[in-house]
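Written out below as structure tokens is the structure these notes cover.
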Amino acid sequence: MSTNPPDLRPDRAPRPLLPEASREASRPGQPRIGMVSLGCPKALVDSERILTRLRAEGYAISPDYAGADAVIVNTCGFLDSAKAESLEAIGEALNENGRVIVTGCLGANEDYIRGEHPNVLAVTGPQQYEQVLDAVHGAVPPAPNPFIDLLPATGVHLTPRHYSYLKISEGCNHKCRFCVIPDMRGRLVSRPAHAVLREAEKLVEAGVRELLVISQDTSAYGLDRKHDAHPWKGGEVRSHITDLARALGQFGAWVRLHYVYPYPHVRELIPLMAEGLVLPYLDIPFQHSHPDVLRRMARPAASARTLDEIARWRADCPEITLRSTFIVGYPGETEAEFQHLLDWLGEARLDRVGCFQYENVEGARANALPDHVPDAVKQERWERFMATAQAISAEKMEAKVGTCLQVIVDTVDDEGATCRTWADAPEIDGNLFIDEGFAHLAPGDILTVEVEEAADYDLWGRPV
């Protein structure tokens, strides 16, 4: 069992994901496709949709390079370091298999990819599912057998069976100077509320115990649709995050909200958390605290009011867990501005914190800003920030010793069970480990444990 690293980034998957669960026996002559999925959970959902379409057309999914007739690499292009990771993954797939189709955010820049890897079979951008399928058909023609090839009702998933990401919209209307996601994925396009709820209902019926709601801007859900209403279960539901969250809470699964911008209407979600309809967990990308830095980022610059809002959330729902990410070393950031961020963090006392050093991104307006911070200074500030966040986390973890918490089991092996409390999202937050009395547990079980020991980010406990 491993402990949680303190600097894990929520905008990139911690490792390439291949469909380990798709080791089904293939029939003679059945074409097999491999998939390497990089990037954020939104890209992971894109990979799942592609794999589901391929399975419906009779393709088998290969868990390794050697058994695949072709490999799809779903790329990330958020930062230059993510681009380098994507290029490396494409190169590995070419070396191991040779027949590679590229898609995803980096695929929006075909010349960039072919400049490094000219032999890829095809390049498509994000959400271009039909173009990906066309490329697969050209490389490996389908050979479906309708009497043998069966597709699970829930489709193909790259996550464990007991939790699933639920994408509610694509794109973003923000124009943050450090980000090119709107250029790659376009403006906000929300899914109709009834379509989201129908998908969620099917997932829960198939055994999913936790729904992780994702988008580029979850708070803005439905804004492009003017919050239109849709028929649902004999009534209506609006395409609005509050209404959607309330409806999702009726399915009985854990509902976790990611990428929530702190708009005023977010306070309407807090009573749903206090009632138990939605997990008391908010993932809010604050990015910084100093008004001048926020203005240079082209983000809302109201850090003082944000502290007031956080206090109000905690008053209305004392159990709430707040997660956020921050950028240090943004162009022009002074020592005083960075110290403002440390002081703000000390006041806000966020429960889960990620931080990364500013990087230029090709096409981002922040590249042209003056007074870029030297790498050594960025590294030093990152270390100071993480030390502050770690101390806060350690105090909060220690305060949980002796309490009883509800947890969900992720994995069980010979050493014990790795679980998460409702305050922990998969991959990016901490774990709770059970190393005694775990033999009867299975992934997806939800149980109550007494916390016996704490570390900086993780807990240990026993079932009660």
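Following the order of the structure tokens, first chain is A, next is B, and so on, with residues numbered from 1 inside each chain and ligands from 1 in the order they appear.
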Find the residues near A:Asn119: any atom within 9 Å, counting only C-alpha atoms, skip ones fewer than 3 places away on the same chain, and give them as a ChimeraX atom specification. /A:94,98-100,114,122
Residues at most 7 Å from stretch 224-238 of chain A, counting only C-alpha atoms, excluding those fewer than 2 positions away in the same chain, as a PyMOL selection string? chain A and resi 188-190+193-194+222+240+243
Each stretch 332-391 of chain A residue no farther than 9 Å from stretch 445-459 of chain A, nearest pair in Å, only C-alpha atoms, as a tab-separated table:
```
residue	atom	partner	partner_atom	distance
A:Arg352	CA	A:Tyr457	CA	8.7
A:Gln390	CA	A:Asp456	CA	6.3
A:Ala391	CA	A:Asp456	CA	7.4
```
Please return as a PyMOL selection string: the residues of stretch 40-268 of chain A that backbone DSSP assigns to helix (DSSP H, G or I). chain A and resi 41-56+80-96+105-108+110-116+129-139+181-185+193-205+218-220+223-225+241-251+264-268
Nearest residue to A:Arg49 out of A:Thr418, A:Gln127, A:Ser219, A:Gln357, using only C-alpha atoms?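 With only C-alpha atoms as the atom set, the closest residue is A:Gln127.
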